[in-house]
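Below is one structure; the comments refer to it alone.
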Amino acid sequence: MIAFSEKEVREALLPHGLLGAHAYFMENNPSVHLPNHNLHHANTVILHCHDGAIEMGLGREKTKSLLLGAMFHDFAHSGGKSPDDANIAAAVAGLESWCRKCGAPPGLGRKGRRTRNGNA
């Protein structure tokens, strides 16, 4: 298991204004205690994506979108009880619920969502 501190996660999210999103994620995600798709996994993905964004030189908005995707990618995951499409739909619904709560950040509305076959 990869070791990291909550401070590292906060430091990765703070410049992008995502501490509130992370708090929402922790408070509203029913799968944070699963054996695999849990809070530790989400935080690990967040930190890896943060590091990758720095290495690739992504701009602020792209990094913010990447970190939100990393955070919510397994939101409300069924832990293997539902098919991938249902887990993906639950993750998108979780992100959308946060967006509605705070006002949708640019580029995260329904208009740009892709379907399974790649069409918007």
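Just remember, in the structure tokens the first chain shown is A, the second B, etc., residues are 1-based per chain, and ligands are 1-based in the order shown.
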
Show which residues sit within 6 Å of region 91-102 of chain A, as a PDB file with C-alpha atoms, in the first residue's frame. Count only C-alpha atoms, and ignore same-chain residues fewer than 5 positions away.
```pdb
ATOM      1  CA  PHE A  72     -14.930  10.955  -8.285  1.00  0.00           C
ATOM      2  CA  HIS A  73     -13.926   8.079 -10.593  1.00  0.00           C
ATOM      3  CA  ASP A  74     -15.158   5.392  -8.166  1.00  0.00           C
ATOM      4  CA  PHE A  75     -17.807   7.432  -6.327  1.00  0.00           C
TER       5      PHE A  75
END
```

### Query
If you measure from CA of Glu27 (chain A) to CA of Ser78 (chain A), what distance in Å do you get, rounded to one decimal?
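Atom-to-atom, CA of Glu27 (chain A) to CA of Ser78 (chain A), that is 16.9 Å.
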
### Query
Which neighbours of His16 (chain A) fall inside 10 Å, counting only C-alpha atoms, when residues of the same chain fewer than 4 positions from it are skipped, and could you give them as a list in words?
Glu11, Ala12, Arg60, Glu61, Thr63, Lys64, Ser65, Leu67 and Leu68 of chain A

Dump as an mmCIF file, in the first residue's frame, selection limited to N, CA and C atoms:
```
data_model
loop_
_atom_site.group_PDB
_atom_site.id
_atom_site.type_symbol
_atom_site.label_atom_id
_atom_site.label_comp_id
_atom_site.auth_asym_id
_atom_site.auth_seq_id
_atom_site.Cartn_x
_atom_site.Cartn_y
_atom_site.Cartn_z
ATOM 1 N N GLU A 11 -2.624 19.589 0.063
ATOM 2 C CA GLU A 11 -1.723 20.465 -0.684
ATOM 3 C C GLU A 11 -1.898 20.326 -2.198
ATOM 4 N N ALA A 12 -2.271 19.130 -2.653
ATOM 5 C CA ALA A 12 -2.520 18.925 -4.079
ATOM 6 C C ALA A 12 -3.832 19.580 -4.510
ATOM 7 N N ARG A 60 -3.874 25.082 -15.278
ATOM 8 C CA ARG A 60 -4.680 25.063 -14.051
ATOM 9 C C ARG A 60 -6.051 24.404 -14.241
ATOM 10 N N GLU A 61 -6.792 24.784 -15.280
ATOM 11 C CA GLU A 61 -8.140 24.236 -15.480
ATOM 12 C C GLU A 61 -8.097 22.753 -15.850
ATOM 13 N N THR A 63 -5.764 20.645 -15.020
ATOM 14 C CA THR A 63 -5.373 19.939 -13.796
ATOM 15 C C THR A 63 -6.553 19.813 -12.853
ATOM 16 N N LYS A 64 -7.328 20.873 -12.727
ATOM 17 C CA LYS A 64 -8.515 20.830 -11.864
ATOM 18 C C LYS A 64 -9.495 19.754 -12.352
ATOM 19 N N SER A 65 -9.746 19.719 -13.645
ATOM 20 C CA SER A 65 -10.646 18.701 -14.202
ATOM 21 C C SER A 65 -10.094 17.295 -13.977
ATOM 22 N N LEU A 67 -8.070 16.307 -11.569
ATOM 23 C CA LEU A 67 -8.168 15.968 -10.147
ATOM 24 C C LEU A 67 -9.607 15.644 -9.745
ATOM 25 N N LEU A 68 -10.573 16.347 -10.310
ATOM 26 C CA LEU A 68 -11.983 16.010 -10.036
ATOM 27 C C LEU A 68 -12.317 14.626 -10.578
#
```

### Query
What lies within 7 Å of Ala70 (chain A) using only C-alpha atoms, ignoring chain neighbours under 3 positions off, as a list in words?
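What passes the distance filter is Ala42, Val45, Ile46, Cys49, Leu66, Leu67 and His73 of chain A.
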